[in-house]
file work_2.cif (mmCIF, C-alpha atoms and all ligand atoms)
data_work
#
loop_
_atom_site.label_atom_id
_atom_site.label_comp_id
_atom_site.auth_asym_id
_atom_site.auth_seq_id
_atom_site.Cartn_x
_atom_site.Cartn_y
_atom_site.Cartn_z
CA MET A 1 -12.29 -33.85 -4.10
CA SER A 2 -13.52 -30.72 -5.82
CA LEU A 3 -16.35 -28.67 -4.36
CA ASN A 4 -18.49 -26.46 -6.53
CA ILE A 5 -19.80 -23.50 -4.56
CA PRO A 6 -23.37 -22.67 -5.71
CA ALA A 7 -23.26 -19.79 -8.16
CA GLU A 8 -25.78 -17.73 -6.17
CA LEU A 9 -23.38 -17.62 -3.21
CA LEU A 10 -20.34 -16.45 -5.19
CA PRO A 11 -19.16 -12.83 -5.08
CA ARG A 12 -19.73 -10.89 -8.28
CA ASP A 13 -15.98 -10.24 -8.40
CA GLY A 14 -13.67 -12.84 -6.86
CA ARG A 15 -10.51 -10.74 -6.56
CA PHE A 16 -9.49 -10.25 -2.93
CA GLY A 17 -5.72 -9.93 -3.37
CA CYS A 18 -3.50 -7.46 -1.55
CA GLY A 19 -1.46 -6.39 -4.57
CA PRO A 20 -1.89 -6.57 -7.39
CA ALA A 21 -5.42 -6.02 -6.18
CA LYS A 22 -8.78 -5.74 -7.90
CA VAL A 23 -8.85 -3.25 -10.75
CA ARG A 24 -12.32 -1.80 -11.30
CA PRO A 25 -13.86 -3.12 -14.52
CA GLU A 26 -15.09 0.40 -15.35
CA ALA A 27 -11.50 1.66 -15.32
CA LEU A 28 -10.39 -1.19 -17.59
CA GLN A 29 -13.24 -0.38 -19.95
CA ALA A 30 -12.15 3.26 -20.02
CA LEU A 31 -8.63 2.09 -20.84
CA ALA A 32 -9.90 -0.03 -23.72
CA GLY A 33 -12.11 2.87 -24.86
CA ARG A 34 -10.68 6.35 -24.32
CA GLY A 35 -7.29 4.83 -23.63
CA ALA A 36 -7.07 2.93 -26.90
CA SER A 37 -5.69 5.82 -28.94
CA TRP A 38 -3.80 7.23 -25.93
CA MET A 39 -1.75 4.10 -25.13
CA GLY A 40 1.40 3.99 -27.19
CA THR A 41 1.92 7.75 -27.27
CA SER A 42 4.80 9.82 -25.94
CA HIS A 43 5.15 10.46 -22.22
CA ARG A 44 6.75 13.78 -23.11
CA LYS A 45 3.64 15.08 -24.88
CA ALA A 46 0.51 16.73 -23.55
CA PRO A 47 -1.94 13.80 -23.55
CA VAL A 48 0.20 11.69 -21.19
CA LYS A 49 1.50 14.67 -19.20
CA ASP A 50 -2.12 15.73 -18.66
CA VAL A 51 -2.87 12.36 -17.05
CA VAL A 52 0.20 12.69 -14.80
CA GLY A 53 -0.97 16.19 -13.92
CA ARG A 54 -4.45 14.85 -13.14
CA ILE A 55 -2.87 12.29 -10.80
CA ARG A 56 -0.64 14.83 -9.05
CA SER A 57 -3.37 17.41 -8.51
CA GLY A 58 -5.95 14.71 -7.74
CA LEU A 59 -3.72 13.26 -5.03
CA ALA A 60 -3.12 16.71 -3.53
CA THR A 61 -6.90 17.27 -3.41
CA LEU A 62 -7.65 13.80 -2.06
CA TYR A 63 -5.17 14.32 0.78
CA ASP A 64 -5.71 18.02 1.32
CA ALA A 65 -1.92 18.32 1.01
CA PRO A 66 -0.48 21.08 3.22
CA ASP A 67 1.22 24.08 1.61
CA GLY A 68 4.64 23.25 0.23
CA TYR A 69 4.05 19.48 -0.04
CA GLU A 70 4.68 18.08 -3.52
CA VAL A 71 3.74 14.86 -5.28
CA ALA A 72 6.71 13.08 -6.87
CA LEU A 73 6.62 9.88 -8.89
CA GLY A 74 8.98 7.52 -10.60
CA ASN A 75 9.57 4.00 -11.79
CA GLY A 76 10.24 0.97 -9.65
CA GLY A 77 7.46 0.71 -7.07
CA SER A 78 7.75 1.04 -3.31
CA THR A 79 10.75 -1.28 -3.13
CA GLN A 80 12.66 1.16 -5.29
CA PHE A 81 11.55 4.00 -3.03
CA TRP A 82 13.25 2.29 -0.07
CA ASP A 83 16.55 2.51 -1.95
CA ILE A 84 15.78 6.08 -3.01
CA ALA A 85 15.19 6.98 0.64
CA SER A 86 18.54 5.52 1.67
CA PHE A 87 20.22 7.90 -0.78
CA ALA A 88 18.11 11.02 -0.51
CA LEU A 89 16.13 11.04 2.74
CA VAL A 90 18.13 9.29 5.46
CA GLU A 91 21.15 11.37 6.33
CA ARG A 92 23.07 9.21 8.82
CA ARG A 93 20.75 6.97 10.80
CA ALA A 94 17.12 5.93 10.86
CA SER A 95 14.88 4.56 13.60
CA VAL A 96 12.46 1.97 12.23
CA GLY A 97 9.34 0.24 13.53
CA VAL A 98 9.26 -3.38 12.34
CA PHE A 99 6.02 -5.34 12.62
CA GLY A 100 5.92 -7.53 9.54
CA GLU A 101 7.71 -8.35 6.30
CA PHE A 102 7.49 -4.98 4.58
CA THR A 103 8.70 -2.94 7.53
CA HIS A 104 11.44 -5.55 7.99
CA LYS A 105 12.53 -5.18 4.36
CA PHE A 106 13.07 -1.45 4.65
CA ALA A 107 14.98 -1.87 7.92
CA ALA A 108 17.15 -4.53 6.25
CA ALA A 109 17.81 -2.30 3.24
CA LEU A 110 18.91 0.53 5.54
CA ALA A 111 21.14 -1.82 7.52
CA ARG A 112 22.93 -2.85 4.32
CA THR A 113 23.50 0.73 3.10
CA PRO A 114 27.24 1.31 3.51
CA TRP A 115 27.11 5.08 4.17
CA LEU A 116 24.44 4.83 6.87
CA ASP A 117 24.81 3.78 10.50
CA GLU A 118 23.01 0.66 11.64
CA PRO A 119 19.35 1.70 12.10
CA ALA A 120 17.65 1.60 15.49
CA VAL A 121 15.00 -1.10 15.16
CA THR A 122 11.94 -1.48 17.36
CA ARG A 123 10.52 -4.88 16.55
CA VAL A 124 7.42 -6.76 17.68
CA GLU A 125 5.97 -10.10 16.69
CA PRO A 126 3.54 -10.01 13.73
CA GLY A 127 -0.03 -9.22 14.71
CA THR A 128 0.48 -5.92 16.44
CA VAL A 129 2.28 -2.64 15.72
CA ALA A 130 5.62 -1.10 16.71
CA LEU A 131 6.37 2.57 16.20
CA PRO A 132 10.08 3.47 16.07
CA ALA A 133 11.54 4.44 19.42
CA PRO A 134 13.01 7.90 19.93
CA ALA A 135 16.70 7.49 19.12
CA ASP A 136 19.77 9.26 17.84
CA ALA A 137 18.21 9.36 14.35
CA ASP A 138 17.46 11.79 11.55
CA ALA A 139 14.62 9.74 10.06
CA TYR A 140 11.75 7.70 11.57
CA ALA A 141 10.18 5.03 9.41
CA TRP A 142 7.29 2.59 9.61
CA ALA A 143 4.29 1.48 7.57
CA HIS A 144 0.79 2.92 7.78
CA ASN A 145 -0.54 -0.56 6.99
CA GLU A 146 1.57 -3.75 7.28
CA THR A 147 0.22 -5.69 4.34
CA SER A 148 1.87 -8.93 5.43
CA THR A 149 -0.01 -9.09 8.74
CA GLY A 150 -3.05 -6.83 8.39
CA ALA A 151 -2.03 -4.38 11.12
CA ALA A 152 -2.68 -0.66 10.66
CA ALA A 153 -0.49 1.78 12.60
CA PRO A 154 -1.05 5.33 13.75
CA VAL A 155 0.75 8.00 11.71
CA HIS A 156 2.12 11.03 13.54
CA ARG A 157 5.51 12.48 14.38
CA ILE A 158 7.40 10.68 17.11
CA GLY A 159 7.45 12.79 20.26
CA GLU A 160 10.99 13.37 21.59
CA ALA A 161 12.40 12.97 18.09
CA ASP A 162 14.89 15.59 16.97
CA PRO A 163 12.73 18.35 15.44
CA GLY A 164 14.76 18.12 12.24
CA ALA A 165 14.15 14.38 11.83
CA LEU A 166 12.01 13.25 8.90
CA THR A 167 9.00 10.92 9.20
CA LEU A 168 8.95 8.39 6.33
CA ILE A 169 5.74 6.40 5.99
CA ASP A 170 5.32 3.37 3.75
CA ALA A 171 1.70 3.84 2.72
CA THR A 172 1.73 1.27 -0.07
CA SER A 173 -1.44 -0.52 1.01
CA ALA A 174 -2.96 2.40 2.95
CA ALA A 175 -2.87 5.22 0.43
CA GLY A 176 -6.16 5.60 -1.38
CA ALA A 177 -8.07 4.06 1.51
CA LEU A 178 -7.02 5.27 4.97
CA PRO A 179 -7.23 8.94 5.91
CA VAL A 180 -4.07 10.56 7.23
CA ASP A 181 -2.85 14.02 8.20
CA LEU A 182 0.09 14.55 5.86
CA ALA A 183 1.44 17.28 8.15
CA GLY A 184 2.61 14.45 10.41
CA THR A 185 4.79 13.00 7.63
CA ASP A 186 7.68 14.08 5.42
CA ALA A 187 7.52 11.29 2.85
CA TYR A 188 4.22 9.42 2.49
CA TYR A 189 4.99 6.96 -0.29
CA PHE A 190 3.10 4.20 -2.05
CA ALA A 191 2.56 2.23 -5.23
CA PRO A 192 -0.64 2.11 -7.30
CA GLN A 193 -1.43 -1.64 -7.40
CA LYS A 194 -3.23 -1.80 -4.06
CA ALA A 195 -5.85 0.70 -2.86
CA PHE A 196 -5.41 2.74 -6.02
CA SER A 197 -6.77 -0.15 -8.04
CA SER A 198 -4.15 0.24 -10.74
CA ASP A 199 -1.14 -1.79 -11.80
CA GLY A 200 2.40 -2.02 -10.44
CA GLY A 201 5.74 -0.53 -11.42
CA LEU A 202 5.53 3.06 -10.19
CA TRP A 203 6.06 4.79 -6.86
CA PHE A 204 4.41 7.99 -5.69
CA ALA A 205 5.37 10.15 -2.72
CA PHE A 206 4.07 13.21 -0.95
CA LEU A 207 7.20 15.12 0.08
CA SER A 208 7.23 17.83 2.73
CA PRO A 209 9.32 21.00 2.41
CA ALA A 210 11.82 19.48 4.87
CA ALA A 211 12.09 16.30 2.79
CA ILE A 212 12.56 18.36 -0.36
CA GLU A 213 15.26 20.43 1.30
CA ARG A 214 17.13 17.32 2.49
CA THR A 215 16.78 15.67 -0.91
CA GLY A 216 18.39 18.65 -2.60
CA ARG A 217 21.26 18.65 -0.14
CA LEU A 218 21.99 14.91 0.01
CA THR A 219 21.74 14.31 -3.74
CA ALA A 220 24.21 17.17 -4.28
CA GLU A 221 26.64 15.76 -1.68
CA ARG A 222 26.39 12.04 -2.49
CA TRP A 223 26.98 10.00 -5.60
CA VAL A 224 23.47 8.89 -6.59
CA PRO A 225 22.57 6.78 -9.65
CA ASP A 226 20.09 8.67 -11.81
CA SER A 227 17.38 6.02 -11.40
CA LEU A 228 17.57 6.46 -7.61
CA ASN A 229 17.94 10.22 -7.61
CA LEU A 230 14.91 11.69 -5.88
CA GLN A 231 15.87 15.21 -6.96
CA LEU A 232 15.78 14.14 -10.62
CA ALA A 233 12.45 12.42 -10.01
CA LEU A 234 11.07 15.56 -8.38
CA ASP A 235 12.34 17.79 -11.19
CA ASN A 236 10.61 15.57 -13.74
CA SER A 237 7.45 15.31 -11.63
CA ARG A 238 7.19 19.08 -11.53
CA SER A 239 6.72 19.00 -15.30
CA ASP A 240 4.33 16.01 -15.06
CA GLN A 241 6.92 13.59 -16.39
CA THR A 242 9.14 10.80 -15.16
CA LEU A 243 12.90 10.42 -15.59
CA ASN A 244 12.41 7.46 -17.92
CA THR A 245 9.43 5.83 -19.59
CA PRO A 246 6.58 4.95 -17.22
CA ALA A 247 3.92 2.26 -17.67
CA LEU A 248 1.15 4.28 -19.31
CA ALA A 249 -1.66 1.87 -18.45
CA THR A 250 -0.70 2.11 -14.78
CA LEU A 251 -0.94 5.89 -14.96
CA PHE A 252 -4.29 5.75 -16.75
CA LEU A 253 -5.87 3.36 -14.24
CA MET A 254 -4.48 5.37 -11.33
CA ALA A 255 -6.00 8.59 -12.67
CA GLU A 256 -9.36 6.84 -13.14
CA GLN A 257 -9.32 5.56 -9.55
CA ILE A 258 -8.46 8.98 -8.12
CA ASP A 259 -11.32 10.56 -10.08
CA TRP A 260 -13.67 7.79 -8.90
CA LEU A 261 -12.65 8.32 -5.27
CA LEU A 262 -12.97 12.11 -5.51
CA ALA A 263 -16.40 11.92 -7.14
CA ALA A 264 -17.64 9.53 -4.45
CA GLY A 265 -16.52 11.71 -1.54
CA GLY A 266 -12.76 11.21 -1.23
CA LEU A 267 -10.98 9.44 1.59
CA PRO A 268 -13.90 9.62 4.05
CA HIS A 269 -15.94 7.68 1.50
CA ALA A 270 -13.11 5.19 0.93
CA ALA A 271 -12.74 4.71 4.67
CA ARG A 272 -16.49 4.08 5.08
CA ARG A 273 -16.47 1.52 2.29
CA CYS A 274 -13.43 -0.32 3.68
CA GLY A 275 -14.95 -0.06 7.16
CA ALA A 276 -18.15 -1.72 5.93
CA SER A 277 -16.17 -4.57 4.34
CA SER A 278 -13.82 -5.12 7.24
CA GLY A 279 -16.51 -4.62 9.88
CA HIS A 280 -18.39 -7.48 8.31
CA LEU A 281 -15.29 -9.72 7.99
CA TYR A 282 -14.11 -9.23 11.56
CA GLY A 283 -17.63 -9.51 12.96
CA TRP A 284 -18.08 -12.79 11.09
CA ALA A 285 -14.74 -14.14 12.33
CA ASP A 286 -15.37 -13.04 15.93
CA ALA A 287 -18.67 -14.90 15.91
CA HIS A 288 -17.36 -18.02 14.15
CA PRO A 289 -16.36 -21.03 16.26
CA LEU A 290 -13.54 -21.93 13.84
CA ALA A 291 -12.23 -18.46 12.91
CA SER A 292 -10.77 -15.44 14.69
CA PRO A 293 -9.15 -12.19 13.61
CA PHE A 294 -5.34 -12.49 13.82
CA VAL A 295 -4.73 -8.85 14.78
CA ALA A 296 -5.97 -7.49 18.09
CA GLN A 297 -7.72 -4.16 18.40
CA PRO A 298 -7.02 -1.30 17.90
CA TYR A 299 -4.70 -2.36 15.06
CA ARG A 300 -7.04 -4.41 12.83
CA SER A 301 -6.62 -3.10 9.33
CA PRO A 302 -9.70 -1.89 7.47
CA VAL A 303 -8.07 -2.89 4.16
CA VAL A 304 -6.15 -6.12 4.80
CA GLY A 305 -8.02 -8.64 6.94
CA THR A 306 -6.12 -11.63 8.33
CA ILE A 307 -8.26 -14.44 9.73
CA ASP A 308 -6.78 -17.35 11.69
CA PHE A 309 -8.50 -20.73 11.57
CA ASP A 310 -8.82 -23.48 14.14
CA PRO A 311 -6.31 -26.33 13.56
CA GLN A 312 -9.16 -28.59 12.35
CA VAL A 313 -9.49 -26.27 9.32
CA ASP A 314 -6.85 -26.61 6.61
CA ALA A 315 -6.70 -22.96 5.52
CA ALA A 316 -4.46 -23.72 2.54
CA ALA A 317 -6.97 -26.28 1.26
CA LEU A 318 -9.78 -23.79 1.91
CA ALA A 319 -7.94 -21.18 -0.16
CA ALA A 320 -7.39 -23.75 -2.92
CA THR A 321 -11.10 -24.61 -2.99
CA LEU A 322 -12.01 -20.93 -3.14
CA ARG A 323 -9.49 -20.43 -5.94
CA ALA A 324 -10.98 -23.31 -7.93
CA ASN A 325 -14.30 -21.44 -7.63
CA GLY A 326 -12.90 -18.14 -8.90
CA ILE A 327 -12.23 -16.53 -5.50
CA VAL A 328 -8.54 -15.74 -5.71
CA ASP A 329 -5.54 -14.50 -3.72
CA VAL A 330 -6.87 -15.05 -0.20
CA GLU A 331 -3.75 -17.05 0.74
CA PRO A 332 -1.78 -15.60 3.69
CA TYR A 333 1.49 -13.74 3.22
CA ARG A 334 4.10 -16.33 2.26
CA SER A 335 6.50 -16.04 5.15
CA LEU A 336 3.97 -15.53 7.92
CA GLY A 337 3.39 -19.29 8.07
CA ARG A 338 -0.02 -19.21 9.74
CA ASN A 339 -3.18 -21.27 9.23
CA GLN A 340 -4.81 -18.17 7.88
CA LEU A 341 -6.57 -16.36 5.05
CA ARG A 342 -5.69 -12.79 4.10
CA ILE A 343 -8.38 -10.73 2.43
CA GLY A 344 -7.84 -7.46 0.58
CA MET A 345 -10.75 -5.06 1.14
CA PHE A 346 -9.56 -2.00 -0.74
CA PRO A 347 -12.11 0.62 -1.87
CA ALA A 348 -12.59 -1.10 -5.24
CA VAL A 349 -13.92 -4.19 -3.47
CA ASP A 350 -17.69 -4.17 -3.01
CA PRO A 351 -18.64 -4.78 0.64
CA ALA A 352 -21.40 -7.07 -0.67
CA ASP A 353 -18.67 -9.24 -2.18
CA VAL A 354 -16.98 -9.57 1.21
CA GLU A 355 -20.32 -10.78 2.60
CA ALA A 356 -20.54 -13.26 -0.26
CA LEU A 357 -16.99 -14.39 0.48
CA THR A 358 -17.75 -15.26 4.10
CA ALA A 359 -20.91 -17.07 2.97
CA CYS A 360 -18.76 -19.13 0.58
CA ILE A 361 -16.25 -19.88 3.36
CA ASP A 362 -19.13 -21.01 5.60
CA TRP A 363 -20.43 -23.23 2.80
CA VAL A 364 -17.02 -24.88 2.30
CA LEU A 365 -16.38 -25.30 6.03
CA GLU A 366 -19.77 -27.00 6.51
CA ARG A 367 -18.70 -29.60 3.97
CA THR A 368 -15.05 -30.10 4.94
CA VAL A 369 -14.77 -29.86 8.74
C1 LIG B 401 3.22 -4.15 -1.58
C2 LIG B 401 4.02 -3.42 -0.56
C3 LIG B 401 5.33 -3.02 -0.82
C4 LIG B 401 6.06 -3.38 -2.09
O1 LIG B 401 5.52 -2.68 -3.17
P1 LIG B 401 6.20 -2.86 -4.62
O2 LIG B 401 5.52 -1.81 -5.45
O3 LIG B 401 5.90 -4.26 -5.05
O4 LIG B 401 7.65 -2.64 -4.47
C5 LIG B 401 5.99 -2.28 0.14
N1 LIG B 401 5.39 -1.97 1.31
C6 LIG B 401 4.13 -2.34 1.59
C7 LIG B 401 3.51 -1.95 2.88
C8 LIG B 401 3.40 -3.07 0.66
O5 LIG B 401 2.14 -3.43 0.93
#

call {"tool": "encode", "arguments": {"input": "work_2.cif", "output": "structure tokens"}}
result
Amino acid sequence: MSLNIPAELLPRDGRFGCGPAKVRPEALQALAGRGASWMGTSHRKAPVKDVVGRIRSGLATLYDAPDGYEVALGNGGSTQFWDIASFALVERRASVGVFGEFTHKFAAALARTPWLDEPAVTRVEPGTVALPAPADADAYAWAHNETSTGAAAPVHRIGEADPGALTLIDATSAAGALPVDLAGTDAYYFAPQKAFSSDGGLWFAFLSPAAIERTGRLTAERWVPDSLNLQLALDNSRSDQTLNTPALATLFLMAEQIDWLLAAGGLPHAARRCGASSGHLYGWADAHPLASPFVAQPYRSPVVGTIDFDPQVDAAALAATLRANGIVDVEPYRSLGRNQLRIGMFPAVDPADVEALTACIDWVLERTV
């Protein structure tokens, strides 16, 4: 049975994925316009280096980066950064907070790294947040936003940690949306295909002076493949380049999004917009007899909303119906295995479209339950 949702109920843009996530049409138009003669030119020449420079200085402005913090970038996305961190940022042992698939993946990567000790792992069931416990560790790692579950964690240094320990924050789905005080972090790293409304393939990181110092030391002491060498990445970043060829379109869209965010009021504006979207979604779910937010307060993410459904609702069928009507990527994270929808509400998403989405869900539920 196929259900056609009335056109007047549909969101103007049906992309609610959590990565790749909605790219703003205005940025794509700029790519097809101004970008048309820029694409396909050298990443070692001024026009591309200027865009990288715009990104690096734009990020520093957006985050009010403390003195001495630097923006590094390279190829390979956040997954690559986990491996980079195991070479250049974790000296002997990390303590990790695991509260979903992405935090688990970094902990697993550290556990497999032959020159590191088994990490200390503080784990909780999906749906809440675990910060790493104070331990015999030189690095503390968790995610600002667990994209697999929709739980947002506080970001600050762990009290009782060794003062020399580094704080490594996976901000892949938080950066560009959630405010943070970078002084509480040593590596705040992310990829551009989520809140930065760009495409995948690159990683970015704010590095503190302590992280830069450790990177220099560990990459001099250890054998490090060039593609995982954070010192090489930093050296190239300082001249607005990457070690090897980056995806130019990703850079272009990222620069457009940063400019858009800065012009609109920066992270406070982004946070208000995501707060409007998520406030509506969670309010709707709280009031709905068949729906409820999966994550308890105070950890409900303003950017990734996970909504559980009553067993009489087939959430997978609901997602399929929405998809057939052009509302895409609201399926839950693969391995979570819940009767759930997951909705990306990054700054590029119009809060009015989140309202339209819940109206569409209501419309489908009235006809299927
Ligand atoms: C998407 C995501 C990743 C993986 O990013 P890639 O760029 O695909 O490697 C890692 N961590 C978090 C929190 C994410 O949301």

call {"tool": "atom_distance", "arguments": {"input": "work_2.cif", "atom1": "atom CA of Arg300 of chain A", "atom2": "atom CA of Ala151 of chain A"}}
result
5.3 Å

call {"tool": "residues_around", "arguments": {"input": "work_2.cif", "residues": "His43 of chain A", "least_positions_apart": "2", "cutoff": "7 Å", "atoms": "all atoms listed in the file", "output": "PyMOL selection string"}}
result
chain A and resi 41+45+48-49+241+245

call {"tool": "write_last_selection", "arguments": {"input": "work_2.cif", "atoms": "C-alpha atoms", "output": "PDB file, keeping the file's coordinate frame"}}
result
ATOM      1  CA  THR A  41       1.920   7.750 -27.270  1.00  0.00           C
ATOM      2  CA  LYS A  45       3.640  15.080 -24.880  1.00  0.00           C
ATOM      3  CA  VAL A  48       0.200  11.690 -21.190  1.00  0.00           C
ATOM      4  CA  LYS A  49       1.500  14.670 -19.200  1.00  0.00           C
ATOM      5  CA  GLN A 241       6.920  13.590 -16.390  1.00  0.00           C
ATOM      6  CA  THR A 245       9.430   5.830 -19.590  1.00  0.00           C
TER       7      THR A 245
END

call {"tool": "residues_around", "arguments": {"input": "work_2.cif", "residues": "Val155 of chain A", "least_positions_apart": "2", "cutoff": "7 Å", "atoms": "all atoms listed in the file", "output": "ChimeraX atom specification"}}
result
/A:144,153,184

call {"tool": "axis_aligned_box", "arguments": {"input": "work_2.cif", "around": "segment 156-171 of chain A", "padding_each_side": "8 Å", "output": "lines of an AutoDock Vina configuration file"}}
result
center_x = 8.3
center_y = 10.9
center_z = 12.2
size_x = 29.2
size_y = 31.0
size_z = 34.9

call {"tool": "residues_around", "arguments": {"input": "work_2.cif", "residues": "Thr122 of chain A", "least_positions_apart": "2", "cutoff": "10 Å", "atoms": "all atoms listed in the file", "output": "list in words"}}
result
Ser95, Val96, Gly97, Val98, Phe99, Ala107, Pro119, Ala120, Val124, Val129, Ala130, Leu131, Pro132, Ala133, Pro134 and Trp142 of chain A

call {"tool": "closest_atom_pairs", "arguments": {"input": "work_2.cif", "of": "chain A", "to": "ligand LIG 401 (chain B)", "cutoff": "10 Å", "atoms": "all atoms listed in the file", "output": "tab-separated table"}}
result
residue	atom	partner	partner_atom	distance
A:Cys18	CA	B:LIG401	O5	7.4
A:Gly19	CA	B:LIG401	C1	6.0
A:Pro20	CA	B:LIG401	C1	8.1
A:Ala21	CA	B:LIG401	C1	10.0
A:Asn75	CA	B:LIG401	O2	9.5
A:Gly76	CA	B:LIG401	O4	6.8
A:Gly77	CA	B:LIG401	O2	3.6
A:Ser78	CA	B:LIG401	O4	3.9
A:Thr79	CA	B:LIG401	O4	3.6
A:Gln80	CA	B:LIG401	O4	6.3
A:Phe81	CA	B:LIG401	O4	7.8
A:Trp82	CA	B:LIG401	C5	8.6
A:Gly100	CA	B:LIG401	C7	9.0
A:Glu101	CA	B:LIG401	C7	8.4
A:Phe102	CA	B:LIG401	N1	4.9
A:Thr103	CA	B:LIG401	C7	7.0
A:His104	CA	B:LIG401	N1	9.7
A:Lys105	CA	B:LIG401	C5	8.3
A:Phe106	CA	B:LIG401	N1	8.4
A:Trp142	CA	B:LIG401	C7	9.0
A:Ala143	CA	B:LIG401	C7	5.9
A:His144	CA	B:LIG401	C7	7.4
A:Asn145	CA	B:LIG401	C7	5.9
A:Glu146	CA	B:LIG401	C7	5.1
A:Thr147	CA	B:LIG401	O5	4.5
A:Ser148	CA	B:LIG401	O5	7.1
A:Thr149	CA	B:LIG401	O5	9.9
A:Gly150	CA	B:LIG401	O5	9.7
A:Ile169	CA	B:LIG401	C7	9.2
A:Asp170	CA	B:LIG401	C7	5.7
A:Ala171	CA	B:LIG401	C7	6.1
A:Thr172	CA	B:LIG401	C6	4.6
A:Ser173	CA	B:LIG401	O5	4.6
A:Ala174	CA	B:LIG401	C7	7.8
A:Ala175	CA	B:LIG401	C7	9.9
A:Tyr189	CA	B:LIG401	N1	9.1
A:Phe190	CA	B:LIG401	O2	7.3
A:Ala191	CA	B:LIG401	O2	5.0
A:Pro192	CA	B:LIG401	O2	7.5
A:Gln193	CA	B:LIG401	O2	7.2
A:Lys194	CA	B:LIG401	C1	7.3
A:Ala195	CA	B:LIG401	O5	9.8
A:Asp199	CA	B:LIG401	O2	9.2
A:Gly200	CA	B:LIG401	O2	5.9
A:Gly201	CA	B:LIG401	O2	6.1
A:Leu202	CA	B:LIG401	O2	6.8
A:Trp203	CA	B:LIG401	O2	6.8
A:Phe204	CA	B:LIG401	O2	9.9
A:Val304	CA	B:LIG401	O5	9.5

call {"tool": "residues_near_point", "arguments": {"input": "work_2.cif", "point": "(-6.3, -6.0, 1.7)", "cutoff": "7 Å", "atoms": "only C-alpha atoms", "output": "ChimeraX atom specification"}}
result
/A:17-18,303-305,343-346

call {"tool": "decode", "arguments": {"input": "work_2.cif", "residues": "segment 27-69 of chain A", "atoms": "C-alpha atoms", "output": "compact mmCIF listing (two decimals), in the first residue's frame"}}
result
# COMPACT_ATOMS: atom_id res chain seq x y z
CA ALA A 27 25.75 26.88 -1.24
CA LEU A 28 25.28 24.42 -4.10
CA GLN A 29 24.24 27.28 -6.36
CA ALA A 30 27.37 29.19 -5.38
CA LEU A 31 29.41 26.10 -6.23
CA ALA A 32 27.80 25.86 -9.65
CA GLY A 33 28.27 29.62 -10.13
CA ARG A 34 31.41 31.10 -8.58
CA GLY A 35 32.78 27.61 -8.08
CA ALA A 36 32.50 26.58 -11.72
CA SER A 37 35.82 28.06 -12.81
CA TRP A 38 37.42 27.35 -9.41
CA MET A 39 36.74 23.58 -9.33
CA GLY A 40 39.47 21.69 -11.12
CA THR A 41 42.27 24.08 -10.16
CA SER A 42 45.40 23.44 -8.12
CA HIS A 43 45.20 23.10 -4.35
CA ARG A 44 48.70 24.56 -4.20
CA LYS A 45 47.64 27.87 -5.78
CA ALA A 46 46.09 30.96 -4.28
CA PRO A 47 42.41 30.50 -5.24
CA VAL A 48 42.10 27.16 -3.37
CA LYS A 49 44.50 28.14 -0.58
CA ASP A 50 42.38 31.26 -0.04
CA VAL A 51 39.31 29.09 0.57
CA VAL A 52 41.26 26.92 3.03
CA GLY A 53 42.42 30.10 4.73
CA ARG A 54 38.83 31.35 4.87
CA ILE A 55 37.83 28.08 6.55
CA ARG A 56 40.68 28.15 9.07
CA SER A 57 40.19 31.78 10.09
CA GLY A 58 36.39 31.44 9.93
CA LEU A 59 36.48 28.48 12.29
CA ALA A 60 38.77 30.34 14.70
CA THR A 61 36.32 33.27 14.71
CA LEU A 62 33.25 31.07 15.02
CA TYR A 63 34.75 29.34 18.07
CA ASP A 64 36.59 32.30 19.53
CA ALA A 65 39.63 30.01 19.58
CA PRO A 66 41.94 30.71 22.54
CA ASP A 67 45.47 31.98 21.92
CA GLY A 68 47.78 29.29 20.61
CA TYR A 69 45.01 27.00 19.31
